[in-house]
file structure21.tsv (TSV, C-alpha atoms and all ligand atoms)
chain	number	residue	atom	x	y	z
A	1	MET	CA	-19.05	92.16	-3.29
A	2	ARG	CA	-16.58	90.11	-5.28
A	3	GLU	CA	-13.05	89.83	-3.89
A	4	SER	CA	-11.65	91.86	-6.78
A	5	GLU	CA	-14.07	94.68	-5.99
A	6	ILE	CA	-13.22	94.52	-2.30
A	7	ILE	CA	-9.52	94.76	-3.13
A	8	LYS	CA	-10.15	97.72	-5.44
A	9	LYS	CA	-12.07	99.51	-2.71
A	10	LEU	CA	-9.45	98.61	-0.08
A	11	LEU	CA	-6.70	100.03	-2.27
A	12	GLU	CA	-8.70	103.19	-2.84
A	13	ILE	CA	-9.08	103.70	0.91
A	14	TYR	CA	-5.45	102.70	1.53
A	15	GLU	CA	-4.31	105.34	-0.93
A	16	LYS	CA	-5.88	108.05	1.25
A	17	THR	CA	-4.51	106.59	4.49
A	18	PRO	CA	-1.40	108.34	5.92
A	19	LYS	CA	1.77	106.26	5.83
A	20	HIS	CA	4.71	106.70	8.16
A	21	ASP	CA	7.34	106.82	5.42
A	22	GLU	CA	5.77	109.96	3.97
A	23	GLY	CA	7.06	111.76	7.05
A	24	TYR	CA	3.90	113.53	8.18
A	25	ILE	CA	3.18	111.33	11.22
A	26	LEU	CA	5.37	113.10	13.74
A	27	GLY	CA	3.54	112.84	17.04
A	28	SER	CA	2.37	109.28	17.46
A	29	MET	CA	4.68	106.65	18.91
A	30	THR	CA	4.04	104.33	15.99
A	31	THR	CA	6.14	103.55	12.97
A	32	ARG	CA	6.17	101.36	9.88
A	33	PRO	CA	6.85	97.80	10.99
A	34	ASP	CA	9.85	96.11	9.44
A	35	ASN	CA	9.16	93.86	6.42
A	36	ILE	CA	10.48	90.77	8.18
A	37	ALA	CA	8.13	91.42	11.10
A	38	VAL	CA	5.17	91.76	8.75
A	39	TYR	CA	6.19	88.54	7.02
A	40	ALA	CA	6.45	86.67	10.32
A	41	TYR	CA	3.17	88.18	11.53
A	42	ASN	CA	1.34	87.08	8.40
A	43	LEU	CA	2.87	83.62	8.46
A	44	PHE	CA	1.70	83.05	12.02
A	45	ILE	CA	-1.52	85.03	11.68
A	46	HIS	CA	-3.63	81.95	12.42
A	47	THR	CA	-1.91	81.17	15.71
A	48	ASN	CA	-3.35	81.82	19.13
A	49	ALA	CA	-0.98	82.54	21.98
A	50	GLY	CA	-3.86	81.71	24.30
A	51	ASP	CA	-3.07	78.03	23.78
A	52	THR	CA	0.60	77.22	23.34
A	53	ARG	CA	-0.12	73.50	23.63
A	54	ILE	CA	-1.58	73.75	20.12
A	55	PHE	CA	1.06	76.25	19.02
A	56	PRO	CA	4.28	75.35	20.86
A	57	SER	CA	6.30	77.32	18.29
A	58	LEU	CA	5.00	80.46	20.03
A	59	GLU	CA	6.53	79.24	23.26
A	60	TYR	CA	9.82	78.73	21.43
A	61	PHE	CA	9.68	82.33	20.14
A	62	ARG	CA	8.73	83.65	23.57
A	63	LYS	CA	11.71	81.99	25.24
A	64	GLU	CA	14.08	83.39	22.63
A	65	ILE	CA	12.59	86.86	23.07
A	66	ILE	CA	13.07	86.61	26.83
A	67	ASP	CA	16.69	85.52	26.30
A	68	PHE	CA	17.19	88.66	24.21
A	69	MET	CA	15.66	90.84	26.93
A	70	LYS	CA	17.91	89.21	29.54
A	71	LYS	CA	20.90	90.46	27.57
A	72	LEU	CA	19.49	93.99	27.77
A	73	TYR	CA	18.21	94.12	31.34
A	74	GLY	CA	19.49	91.07	33.24
A	75	GLU	CA	17.70	87.97	34.56
A	76	CYS	CA	13.92	88.04	33.94
A	77	THR	CA	10.91	86.23	32.52
A	78	GLY	CA	7.63	87.40	31.00
A	79	PHE	CA	5.25	87.27	28.07
A	80	ILE	CA	4.00	89.17	25.04
A	81	THR	CA	1.06	91.54	25.52
A	82	SER	CA	-1.00	93.78	23.29
A	83	GLY	CA	1.03	96.83	24.33
A	84	GLY	CA	1.93	99.25	27.09
A	85	THR	CA	-1.58	99.61	28.45
A	86	GLU	CA	-2.11	95.88	28.92
A	87	SER	CA	1.38	95.50	30.41
A	88	ASN	CA	0.72	98.27	32.93
A	89	ILE	CA	-2.63	96.77	33.93
A	90	ILE	CA	-0.97	93.40	34.46
A	91	ALA	CA	1.87	94.89	36.50
A	92	LEU	CA	-0.52	96.63	38.88
A	93	TYR	CA	-2.72	93.53	39.03
A	94	VAL	CA	0.26	91.39	40.04
A	95	ALA	CA	1.31	93.98	42.64
A	96	ARG	CA	-2.19	94.05	44.10
A	97	GLU	CA	-2.54	90.25	44.15
A	98	LYS	CA	0.88	89.72	45.66
A	99	THR	CA	0.60	92.32	48.39
A	100	GLY	CA	-3.15	92.47	49.01
A	101	ARG	CA	-2.73	96.26	49.01
A	102	LYS	CA	-4.20	98.95	46.84
A	103	LEU	CA	-2.00	102.02	47.00
A	104	VAL	CA	0.21	103.04	44.09
A	105	ILE	CA	2.86	105.74	44.38
A	106	ALA	CA	3.94	107.35	41.12
A	107	PRO	CA	5.11	110.68	39.73
A	108	LYS	CA	2.42	112.51	37.80
A	109	THR	CA	4.40	111.97	34.61
A	110	VAL	CA	3.26	108.32	34.42
A	111	HIS	CA	1.30	107.37	31.32
A	112	HIS	CA	-2.48	107.61	31.51
A	113	SER	CA	-2.73	103.85	31.29
A	114	ILE	CA	-1.34	103.64	34.84
A	115	ILE	CA	-4.19	105.82	36.06
A	116	TRP	CA	-6.62	103.75	34.01
A	117	ALA	CA	-5.11	100.51	35.39
A	118	ALA	CA	-5.42	101.72	38.97
A	119	HIS	CA	-9.02	102.74	38.34
A	120	LEU	CA	-9.88	99.35	36.81
A	121	LEU	CA	-8.27	97.51	39.69
A	122	GLY	CA	-9.86	99.62	42.42
A	123	MET	CA	-6.44	100.99	43.40
A	124	LYS	CA	-5.60	104.52	44.48
A	125	ILE	CA	-2.65	106.61	43.25
A	126	VAL	CA	-0.68	109.06	45.34
A	127	PHE	CA	1.34	111.32	43.05
A	128	ALA	CA	4.93	112.10	43.96
A	129	PRO	CA	6.29	115.50	42.88
A	130	VAL	CA	8.59	115.81	39.89
A	131	THR	CA	11.65	118.01	39.42
A	132	SER	CA	12.05	120.67	36.72
A	133	SER	CA	13.70	117.90	34.64
A	134	HIS	CA	10.39	116.00	34.66
A	135	ILE	CA	11.68	113.13	36.76
A	136	VAL	CA	10.44	111.97	40.13
A	137	ASP	CA	11.81	113.93	43.09
A	138	ILE	CA	13.60	111.14	44.88
A	139	ASN	CA	13.53	112.71	48.36
A	140	SER	CA	9.80	113.41	48.20
A	141	LEU	CA	9.21	109.87	46.92
A	142	HIS	CA	11.19	108.53	49.83
A	143	ASP	CA	9.14	110.60	52.31
A	144	ILE	CA	5.83	109.40	50.85
A	145	VAL	CA	6.98	105.78	50.94
A	146	GLU	CA	8.16	106.16	54.53
A	147	LYS	CA	4.77	107.58	55.57
A	148	ARG	CA	2.62	105.08	53.65
A	149	LYS	CA	4.87	102.00	53.70
A	150	ASP	CA	2.26	99.72	55.23
A	151	GLU	CA	-0.30	100.50	52.53
A	152	VAL	CA	1.80	100.54	49.35
A	153	ALA	CA	1.20	97.90	46.69
A	154	ALA	CA	3.60	99.36	44.14
A	155	ILE	CA	5.78	102.23	43.06
A	156	VAL	CA	5.59	103.00	39.34
A	157	VAL	CA	8.14	105.04	37.43
A	158	THR	CA	8.76	105.63	33.74
A	159	ALA	CA	11.83	105.08	31.60
A	160	GLY	CA	10.96	107.41	28.76
A	161	THR	CA	7.91	109.50	29.65
A	162	THR	CA	5.30	110.02	26.97
A	163	GLU	CA	5.50	113.80	26.97
A	164	TRP	CA	9.20	114.54	27.58
A	165	GLY	CA	11.07	111.29	27.13
A	166	SER	CA	12.46	111.92	30.61
A	167	ILE	CA	13.78	108.92	32.52
A	168	ASP	CA	13.00	108.52	36.20
A	169	PRO	CA	16.09	107.56	38.22
A	170	VAL	CA	15.45	103.83	38.11
A	171	ARG	CA	18.47	102.84	40.19
A	172	GLU	CA	17.73	105.28	43.03
A	173	VAL	CA	14.04	104.36	43.08
A	174	SER	CA	14.96	100.68	43.08
A	175	GLU	CA	17.06	101.29	46.24
A	176	ILE	CA	13.95	102.65	47.96
A	177	ALA	CA	11.87	99.73	46.70
A	178	ARG	CA	14.49	97.29	47.98
A	179	GLN	CA	14.84	99.03	51.33
A	180	TYR	CA	11.07	98.87	51.97
A	181	ASN	CA	10.49	95.63	50.07
A	182	ILE	CA	7.96	97.26	47.74
A	183	TYR	CA	6.97	96.19	44.23
A	184	LEU	CA	8.55	98.49	41.63
A	185	HIS	CA	7.19	98.63	38.11
A	186	VAL	CA	9.18	100.48	35.44
A	187	ASP	CA	7.12	101.52	32.43
A	188	ALA	CA	9.65	101.49	29.60
A	189	ALA	CA	7.03	101.11	26.86
A	190	TYR	CA	8.56	103.92	24.84
A	191	GLY	CA	12.17	104.13	26.04
A	192	GLY	CA	12.97	100.50	26.80
A	193	LEU	CA	14.73	99.60	23.58
A	194	PHE	CA	16.63	102.90	23.30
A	195	ILE	CA	17.89	103.55	26.82
A	196	PRO	CA	20.60	100.86	27.01
A	197	ALA	CA	22.26	102.10	23.79
A	198	LEU	CA	21.91	105.82	24.53
A	199	TYR	CA	23.26	105.27	28.03
A	200	GLU	CA	26.23	103.35	26.71
A	201	LYS	CA	27.00	106.10	24.16
A	202	GLY	CA	26.78	108.80	26.82
A	203	TYR	CA	23.64	110.61	25.57
A	204	ILE	CA	21.83	109.96	28.86
A	205	ASP	CA	23.01	109.24	32.37
A	206	THR	CA	20.16	107.01	33.55
A	207	HIS	CA	20.32	103.32	32.85
A	208	LEU	CA	17.59	100.70	32.80
A	209	ARG	CA	18.15	97.24	34.23
A	210	PHE	CA	16.62	94.70	36.53
A	211	TYR	CA	18.35	96.20	39.58
A	212	GLU	CA	17.67	94.24	42.73
A	213	GLY	CA	14.67	96.40	43.65
A	214	VAL	CA	13.02	96.35	40.19
A	215	THR	CA	10.08	93.93	40.05
A	216	SER	CA	8.72	94.38	36.52
A	217	ILE	CA	9.52	96.27	33.33
A	218	SER	CA	7.21	96.83	30.37
A	219	VAL	CA	8.54	97.54	26.89
A	220	ASP	CA	6.74	97.88	23.57
A	221	PHE	CA	7.99	96.42	20.32
A	222	HIS	CA	5.29	98.24	18.35
A	223	LYS	CA	6.94	101.53	19.31
A	224	ASN	CA	10.68	101.57	18.64
A	225	GLY	CA	10.95	97.80	18.08
A	226	LEU	CA	9.62	97.84	14.49
A	227	SER	CA	6.99	95.16	15.10
A	228	PRO	CA	3.36	95.45	14.04
A	229	ILE	CA	0.68	96.64	16.45
A	230	PRO	CA	-0.06	94.88	18.85
A	231	SER	CA	3.37	93.97	20.23
A	232	GLY	CA	4.07	94.65	23.91
A	233	LEU	CA	6.08	92.83	26.53
A	234	ILE	CA	5.79	92.55	30.28
A	235	LEU	CA	8.86	91.28	32.09
A	236	PHE	CA	9.08	90.07	35.68
A	237	LYS	CA	12.10	89.51	37.81
A	238	ASN	CA	11.23	85.86	38.46
A	239	GLU	CA	8.79	83.02	37.75
A	240	GLU	CA	6.98	83.43	41.05
A	241	LEU	CA	5.84	86.94	40.06
A	242	LEU	CA	4.91	85.74	36.59
A	243	SER	CA	2.63	83.11	38.11
A	244	TYR	CA	0.34	85.88	39.43
A	245	ALA	CA	-0.40	86.88	35.83
A	246	ARG	CA	-1.49	83.34	34.98
A	247	ARG	CA	-5.08	82.18	35.16
A	248	GLU	CA	-6.72	78.82	34.73
A	249	LEU	CA	-8.75	78.01	31.66
A	250	PRO	CA	-9.43	74.33	32.28
A	251	TYR	CA	-11.40	73.62	29.10
A	252	THR	CA	-8.44	74.46	26.83
A	253	LEU	CA	-5.60	72.10	26.01
A	254	GLY	CA	-3.07	74.45	27.54
A	255	LYS	CA	-5.17	74.84	30.73
A	256	TYR	CA	-3.59	78.21	31.53
A	257	GLN	CA	-3.45	81.64	29.97
A	258	TYR	CA	-1.40	84.75	30.63
A	259	GLY	CA	-2.44	88.38	30.45
A	260	LEU	CA	-5.78	90.05	29.97
A	261	LEU	CA	-6.82	88.53	26.69
A	262	GLY	CA	-8.07	85.03	26.00
A	263	THR	CA	-7.31	84.53	22.34
A	264	ARG	CA	-4.08	86.43	21.69
A	265	PRO	CA	-2.23	87.13	18.43
A	266	GLY	CA	0.56	84.62	17.94
A	267	GLY	CA	1.61	86.67	14.91
A	268	SER	CA	2.97	89.38	17.22
A	269	ILE	CA	5.23	86.89	18.96
A	270	ALA	CA	6.62	85.59	15.67
A	271	ALA	CA	7.10	89.21	14.53
A	272	ILE	CA	9.05	90.24	17.62
A	273	TRP	CA	11.21	87.14	17.27
A	274	ALA	CA	11.91	88.02	13.64
A	275	VAL	CA	12.94	91.62	14.35
A	276	ILE	CA	15.22	90.75	17.23
A	277	LYS	CA	16.91	88.15	15.03
A	278	LYS	CA	17.30	90.73	12.26
A	279	TYR	CA	18.51	93.66	14.35
A	280	GLY	CA	19.96	92.22	17.54
A	281	ILE	CA	21.27	94.57	20.21
A	282	ASP	CA	23.62	96.30	17.76
A	283	GLY	CA	20.87	96.95	15.23
A	284	TYR	CA	18.58	98.51	17.84
A	285	SER	CA	21.49	100.53	19.10
A	286	LYS	CA	22.00	101.99	15.60
A	287	ILE	CA	18.29	102.86	15.32
A	288	ALA	CA	18.39	104.54	18.74
A	289	LEU	CA	21.40	106.65	17.76
A	290	ARG	CA	19.89	107.61	14.43
A	291	CYS	CA	16.61	108.72	16.07
A	292	MET	CA	18.52	110.65	18.74
A	293	LYS	CA	20.66	112.45	16.18
A	294	THR	CA	17.60	113.31	14.10
A	295	ALA	CA	15.85	114.62	17.24
A	296	LEU	CA	18.87	116.82	18.02
A	297	TYR	CA	18.82	118.02	14.41
A	298	LEU	CA	15.14	118.94	14.80
A	299	TYR	CA	15.91	120.69	18.09
A	300	ASN	CA	18.67	122.73	16.44
A	301	ARG	CA	16.48	123.68	13.51
A	302	LEU	CA	13.70	124.80	15.85
A	303	THR	CA	16.14	127.04	17.73
A	304	GLU	CA	16.52	129.01	14.48
A	305	PHE	CA	13.07	130.53	15.04
A	306	GLN	CA	12.73	133.64	17.21
A	307	GLU	CA	9.09	132.70	17.63
A	308	ILE	CA	9.68	129.19	18.97
A	309	ILE	CA	10.55	128.02	22.47
A	310	VAL	CA	12.08	124.54	22.28
A	311	TRP	CA	13.32	122.11	24.93
A	312	LYS	CA	16.41	119.98	24.39
A	313	PRO	CA	15.43	116.31	23.93
A	314	ILE	CA	16.41	113.64	26.46
A	315	LEU	CA	15.24	110.69	24.37
A	316	PRO	CA	14.12	111.43	20.76
A	317	ILE	CA	11.12	113.58	21.76
A	318	VAL	CA	11.15	117.31	21.04
A	319	VAL	CA	8.76	119.66	22.85
A	320	PHE	CA	8.20	123.16	21.51
A	321	LYS	CA	5.71	126.00	21.49
A	322	SER	CA	5.14	129.33	19.85
A	323	ARG	CA	5.62	132.53	21.86
A	324	HIS	CA	2.53	134.18	20.42
A	325	MET	CA	0.35	131.62	18.67
A	326	SER	CA	-1.62	129.29	20.94
A	327	SER	CA	-0.58	125.65	20.68
A	328	GLU	CA	-4.12	124.64	19.72
A	329	LYS	CA	-4.01	127.09	16.80
A	330	LEU	CA	-0.53	125.95	15.76
A	331	LEU	CA	-1.63	122.32	16.00
A	332	GLU	CA	-4.61	122.99	13.75
A	333	GLU	CA	-2.43	124.91	11.28
A	334	LEU	CA	-0.03	121.97	11.14
A	335	VAL	CA	-2.85	119.47	10.73
A	336	GLY	CA	-4.16	121.70	7.93
A	337	HIS	CA	-0.76	121.29	6.23
A	338	GLY	CA	-0.99	117.50	6.64
A	339	TYR	CA	1.18	117.16	9.78
A	340	TYR	CA	0.21	115.00	12.72
A	341	VAL	CA	1.97	116.26	15.83
A	342	TYR	CA	0.78	115.73	19.40
A	343	ARG	CA	0.27	117.95	22.40
A	344	ALA	CA	2.63	118.51	25.34
A	345	PRO	CA	-0.04	119.49	27.86
A	346	SER	CA	2.21	120.29	30.83
A	347	VAL	CA	3.66	123.34	29.02
A	348	ASP	CA	0.72	123.90	26.72
A	349	GLY	CA	3.07	123.03	23.86
A	350	LEU	CA	3.45	120.53	21.05
A	351	ARG	CA	5.54	117.42	20.79
A	352	ILE	CA	7.30	115.52	18.03
A	353	VAL	CA	8.47	111.97	18.58
A	354	VAL	CA	11.30	111.07	16.25
A	355	MET	CA	10.40	107.49	15.48
A	356	PRO	CA	12.55	105.25	13.26
A	357	HIS	CA	10.76	106.36	10.06
A	358	VAL	CA	11.59	110.07	10.54
A	359	THR	CA	14.47	111.44	8.45
A	360	THR	CA	16.28	114.79	8.37
A	361	GLU	CA	14.60	115.47	4.98
A	362	HIS	CA	11.21	115.11	6.70
A	363	ILE	CA	12.43	117.55	9.36
A	364	ASP	CA	13.59	120.11	6.79
A	365	ARG	CA	10.21	120.00	5.05
A	366	PHE	CA	8.45	120.36	8.42
A	367	ILE	CA	10.63	123.38	9.26
A	368	ASN	CA	9.71	125.00	5.92
A	369	THR	CA	6.02	124.50	6.68
A	370	LEU	CA	6.44	125.91	10.17
A	371	SER	CA	8.26	128.88	8.73
A	372	GLU	CA	5.34	129.47	6.34
A	373	ILE	CA	2.78	129.22	9.16
A	374	LEU	CA	4.70	131.54	11.49
A	375	GLY	CA	5.73	133.93	8.72
A	376	GLU	CA	9.33	133.71	9.89
A	377	LYS	CA	12.29	132.72	7.77
A	378	THR	CA	14.96	130.36	9.12
A	379	GLU	CA	18.62	130.17	8.08
B	1	LIG	C1	5.26	105.42	28.71
B	1	LIG	C2	4.08	104.77	28.07
B	1	LIG	N1	3.47	103.75	28.69
B	1	LIG	C3	2.40	103.14	28.17
B	1	LIG	C4	1.87	103.52	26.94
B	1	LIG	C5	0.67	102.84	26.40
B	1	LIG	O1	1.05	101.98	25.37
B	1	LIG	P1	0.01	101.38	24.33
B	1	LIG	O2	-0.53	102.54	23.56
B	1	LIG	O3	0.85	100.44	23.53
B	1	LIG	O4	-1.05	100.67	25.10
B	1	LIG	C6	2.48	104.58	26.26
B	1	LIG	C7	1.94	105.04	24.97
B	1	LIG	O5	2.35	106.00	24.39
B	1	LIG	C8	3.61	105.22	26.83
B	1	LIG	O6	4.21	106.25	26.22

call {"tool": "encode", "arguments": {"input": "structure21.tsv", "output": "structure tokens"}}
result
Amino acid sequence: MRESEIIKKLLEIYEKTPKHDEGYILGSMTTRPDNIAVYAYNLFIHTNAGDTRIFPSLEYFRKEIIDFMKKLYGECTGFITSGGTESNIIALYVAREKTGRKLVIAPKTVHHSIIWAAHLLGMKIVFAPVTSSHIVDINSLHDIVEKRKDEVAAIVVTAGTTEWGSIDPVREVSEIARQYNIYLHVDAAYGGLFIPALYEKGYIDTHLRFYEGVTSISVDFHKNGLSPIPSGLILFKNEELLSYARRELPYTLGKYQYGLLGTRPGGSIAAIWAVIKKYGIDGYSKIALRCMKTALYLYNRLTEFQEIIVWKPILPIVVFKSRHMSSEKLLEELVGHGYYVYRAPSVDGLRIVVMPHVTTEHIDRFINTLSEILGEKTE
């Protein structure tokens, strides 16, 4: 095929591909990356973060990104990954290598990638109970740790769970981790960039920081950070921990690599650098507040239905279900009307994640569609 024909075909296919700005992608934790991030990504598309001796500019970006994260969470180090799954695998790998142990303690609300990571690494998970607010029950966690303290490699909690946006009590868990000298990984893939701002503005009462007992934090820039996929980040409390994630690759110029991948996209690192320079802490804070307000707007609109049960959002995630129609049927109806929402399996409900591209106009249109499907008028 000639290039012009390829482009024609690509554009044809692109035309039929859903785009975030149209407002129909309401379940996935993805969004349209910012233009400056796309520009930076494309400019550095040829670079390989697997060898920063050839591409030292990537190391410059990485250091600046870490400096930004230090302002959010306190002293730390780390590197860019392909996303939350890779970051979680690395965190558990480091915990296993450091301790020589294979037991993970986590509430059952952890993301599936933690279960996958444990499986890959030959580790076993003991699930701690959660409260009705979908956060780890701190007393039960303490009891499990006390009983299994000699076997535990890591405790894992989540700052912004995938289903509810609930935030495990990081500070209290970190006290337990400190008391027993246990590795604590906080998966903040979804909530990491929103929690500091929403905490400061009083929307939530759980903060996220490198408290003394926190060992690693993962946060994704391809979720609320407006960077292109793949853009994740794994942060460690100190360089010694980071060194466990490093492996030798003697034939390369750099000699060492970090993370699971060999050749890694340098474009992502340039993109994250570009968005943090554009938005800074204040810019991300504004995005967090906007998403939260839109989520509360959606919550309020859903309460207008007799037929709908809806849960108040913690972070910008709204869970709801129909009283009479099964969630599978409602999901299919919505997909039939062009909407992509996700499931909330623990209550057999559905879930909308208000990502930065979602506006109140999108919500109003969604509510009209829902009203049509349920045959119920709203105010
Ligand atoms: C809390 C949490 N951790 C990890 C992940 C996995 O991230 P990724 O899809 O970037 O691998 C997700 C994805 O939704 C998540 O919500």

call {"tool": "closest_atom_pairs", "arguments": {"input": "structure21.tsv", "of": "chain A", "to": "ligand LIG 1 (chain B)", "cutoff": "9 Å", "atoms": "all atoms listed in the file", "output": "JSON lines"}}
result
{"residue": "A:Ser28", "atom": "CA", "partner": "B:LIG1", "partner_atom": "O5", "distance": 7.7}
{"residue": "A:Met29", "atom": "CA", "partner": "B:LIG1", "partner_atom": "O5", "distance": 6.0}
{"residue": "A:Thr30", "atom": "CA", "partner": "B:LIG1", "partner_atom": "O5", "distance": 8.7}
{"residue": "A:Ser82", "atom": "CA", "partner": "B:LIG1", "partner_atom": "O3", "distance": 6.9}
{"residue": "A:Gly83", "atom": "CA", "partner": "B:LIG1", "partner_atom": "O3", "distance": 3.7}
{"residue": "A:Gly84", "atom": "CA", "partner": "B:LIG1", "partner_atom": "O1", "distance": 3.3}
{"residue": "A:Thr85", "atom": "CA", "partner": "B:LIG1", "partner_atom": "O4", "distance": 3.6}
{"residue": "A:Glu86", "atom": "CA", "partner": "B:LIG1", "partner_atom": "O4", "distance": 6.2}
{"residue": "A:Ser87", "atom": "CA", "partner": "B:LIG1", "partner_atom": "O4", "distance": 7.8}
{"residue": "A:Asn88", "atom": "CA", "partner": "B:LIG1", "partner_atom": "C3", "distance": 7.0}
{"residue": "A:Thr109", "atom": "CA", "partner": "B:LIG1", "partner_atom": "C1", "distance": 8.9}
{"residue": "A:Val110", "atom": "CA", "partner": "B:LIG1", "partner_atom": "C1", "distance": 6.7}
{"residue": "A:His111", "atom": "CA", "partner": "B:LIG1", "partner_atom": "N1", "distance": 5.0}
{"residue": "A:His112", "atom": "CA", "partner": "B:LIG1", "partner_atom": "C3", "distance": 7.4}
{"residue": "A:Ser113", "atom": "CA", "partner": "B:LIG1", "partner_atom": "C5", "distance": 6.0}
{"residue": "A:Ile114", "atom": "CA", "partner": "B:LIG1", "partner_atom": "C3", "distance": 7.7}
{"residue": "A:Thr158", "atom": "CA", "partner": "B:LIG1", "partner_atom": "C1", "distance": 6.1}
{"residue": "A:Ala159", "atom": "CA", "partner": "B:LIG1", "partner_atom": "C1", "distance": 7.2}
{"residue": "A:Gly160", "atom": "CA", "partner": "B:LIG1", "partner_atom": "C1", "distance": 6.0}
{"residue": "A:Thr161", "atom": "CA", "partner": "B:LIG1", "partner_atom": "C1", "distance": 5.0}
{"residue": "A:Thr162", "atom": "CA", "partner": "B:LIG1", "partner_atom": "O6", "distance": 4.0}
{"residue": "A:Glu163", "atom": "CA", "partner": "B:LIG1", "partner_atom": "O6", "distance": 7.7}
{"residue": "A:Gly165", "atom": "CA", "partner": "B:LIG1", "partner_atom": "C1", "distance": 8.4}
{"residue": "A:Asp187", "atom": "CA", "partner": "B:LIG1", "partner_atom": "N1", "distance": 5.7}
{"residue": "A:Ala188", "atom": "CA", "partner": "B:LIG1", "partner_atom": "C1", "distance": 6.0}
{"residue": "A:Ala189", "atom": "CA", "partner": "B:LIG1", "partner_atom": "N1", "distance": 4.8}
{"residue": "A:Tyr190", "atom": "CA", "partner": "B:LIG1", "partner_atom": "O6", "distance": 5.1}
{"residue": "A:Gly191", "atom": "CA", "partner": "B:LIG1", "partner_atom": "C1", "distance": 7.5}
{"residue": "A:Ser218", "atom": "CA", "partner": "B:LIG1", "partner_atom": "N1", "distance": 8.0}
{"residue": "A:Val219", "atom": "CA", "partner": "B:LIG1", "partner_atom": "N1", "distance": 8.2}
{"residue": "A:Asp220", "atom": "CA", "partner": "B:LIG1", "partner_atom": "O3", "distance": 6.4}
{"residue": "A:Phe221", "atom": "CA", "partner": "B:LIG1", "partner_atom": "O3", "distance": 8.8}
{"residue": "A:His222", "atom": "CA", "partner": "B:LIG1", "partner_atom": "O3", "distance": 7.2}
{"residue": "A:Lys223", "atom": "CA", "partner": "B:LIG1", "partner_atom": "O3", "distance": 7.5}
{"residue": "A:Ile229", "atom": "CA", "partner": "B:LIG1", "partner_atom": "O3", "distance": 8.0}
{"residue": "A:Pro230", "atom": "CA", "partner": "B:LIG1", "partner_atom": "O3", "distance": 7.3}
{"residue": "A:Ser231", "atom": "CA", "partner": "B:LIG1", "partner_atom": "O3", "distance": 7.7}
{"residue": "A:Gly232", "atom": "CA", "partner": "B:LIG1", "partner_atom": "O3", "distance": 6.6}

call {"tool": "residues_around", "arguments": {"input": "structure21.tsv", "residues": "Lys63 in chain A", "least_positions_apart": "6", "cutoff": "9 Å", "atoms": "all atoms listed in the file", "output": "ChimeraX atom specification"}}
result
/A:77-79

call {"tool": "residues_around", "arguments": {"input": "structure21.tsv", "residues": "Phe210 in chain A", "least_positions_apart": "2", "cutoff": "6 Å", "atoms": "all atoms listed in the file", "output": "VMD selection string"}}
result
chain A and resid 73 to 74 214

call {"tool": "closest_residue", "arguments": {"input": "structure21.tsv", "among": "A:Ile138, A:Leu249, A:Val156, A:Ile195", "to": "Ala91 in chain A", "atoms": "all atoms listed in the file"}}
result
A:Val156

call {"tool": "atom_distance", "arguments": {"input": "structure21.tsv", "atom1": "CA of Glu372 in chain A", "atom2": "CA of Pro18 in chain A"}}
result
22.2 Å

call {"tool": "residues_around", "arguments": {"input": "structure21.tsv", "residues": "Val104 in chain A", "least_positions_apart": "2", "cutoff": "8 Å", "atoms": "only C-alpha atoms", "output": "JSON, numbers by chain"}}
result
{"A": [102, 106, 118, 123, 124, 125, 126, 152, 153, 154, 155, 156]}

call {"tool": "closest_residue", "arguments": {"input": "structure21.tsv", "among": "A:Leu289, A:Ile309, A:Ile367, A:Ala95", "to": "Asp348 in chain A", "atoms": "only C-alpha atoms"}}
result
A:Ile309

call {"tool": "residues_around", "arguments": {"input": "structure21.tsv", "residues": "Leu296 in chain A", "least_positions_apart": "5", "cutoff": "10 Å", "atoms": "all atoms listed in the file", "output": "ChimeraX atom specification"}}
result
/A:290-291,301-302,312-318,354

call {"tool": "closest_residue", "arguments": {"input": "structure21.tsv", "among": "A:His142, A:Lys329, A:Lys9, A:His119", "to": "Glu172 in chain A", "atoms": "all atoms listed in the file"}}
result
A:His142

call {"tool": "closest_residue", "arguments": {"input": "structure21.tsv", "among": "A:Ile105, A:Met355, A:Ile287, A:Ala344", "to": "Val310 in chain A", "atoms": "all atoms listed in the file"}}
result
A:Ala344

call {"tool": "axis_aligned_box", "arguments": {"input": "structure21.tsv", "around": "range 168-171 of chain A", "padding_each_side": "4 Å", "output": "JSON"}}
result
{"center_x": 15.7, "center_y": 105.7, "center_z": 38.2, "size_x": 13.5, "size_y": 13.7, "size_z": 12.0}

call {"tool": "atom_distance", "arguments": {"input": "structure21.tsv", "atom1": "CA of Gly254 in chain A", "atom2": "CA of Ile54 in chain A"}}
result
7.6 Å

call {"tool": "atom_distance", "arguments": {"input": "structure21.tsv", "atom1": "CA of Phe61 in chain A", "atom2": "CA of Gly266 in chain A"}}
result
9.7 Å

call {"tool": "residues_around", "arguments": {"input": "structure21.tsv", "residues": "Gly23 in chain A", "least_positions_apart": "2", "cutoff": "8 Å", "atoms": "all atoms listed in the file", "output": "list in words"}}
result
Lys19, His20, Asp21, Ile25, Leu26, His357, Val358, Thr359 and His362 of chain A

call {"tool": "closest_residue", "arguments": {"input": "structure21.tsv", "among": "A:Gly50, A:Asp205, A:Ile7, A:Ile217", "to": "Glu248 in chain A", "atoms": "all atoms listed in the file"}}
result
A:Gly50

call {"tool": "closest_residue", "arguments": {"input": "structure21.tsv", "among": "A:Ala288, A:Leu261, A:Val341, A:Leu72", "to": "Ile90 in chain A", "atoms": "only C-alpha atoms"}}
result
A:Leu261

call {"tool": "residues_near_point", "arguments": {"input": "structure21.tsv", "point": "(9.4, 92.7, 39.1)", "cutoff": "9 Å", "atoms": "only C-alpha atoms", "output": "list in words"}}
result
Cys76, Ala91, Ala95, Tyr183, Leu184, His185, Val186, Phe210, Gly213, Val214, Thr215, Ser216, Ile217, Leu235, Phe236, Lys237, Asn238, Leu241 and Leu242 of chain A
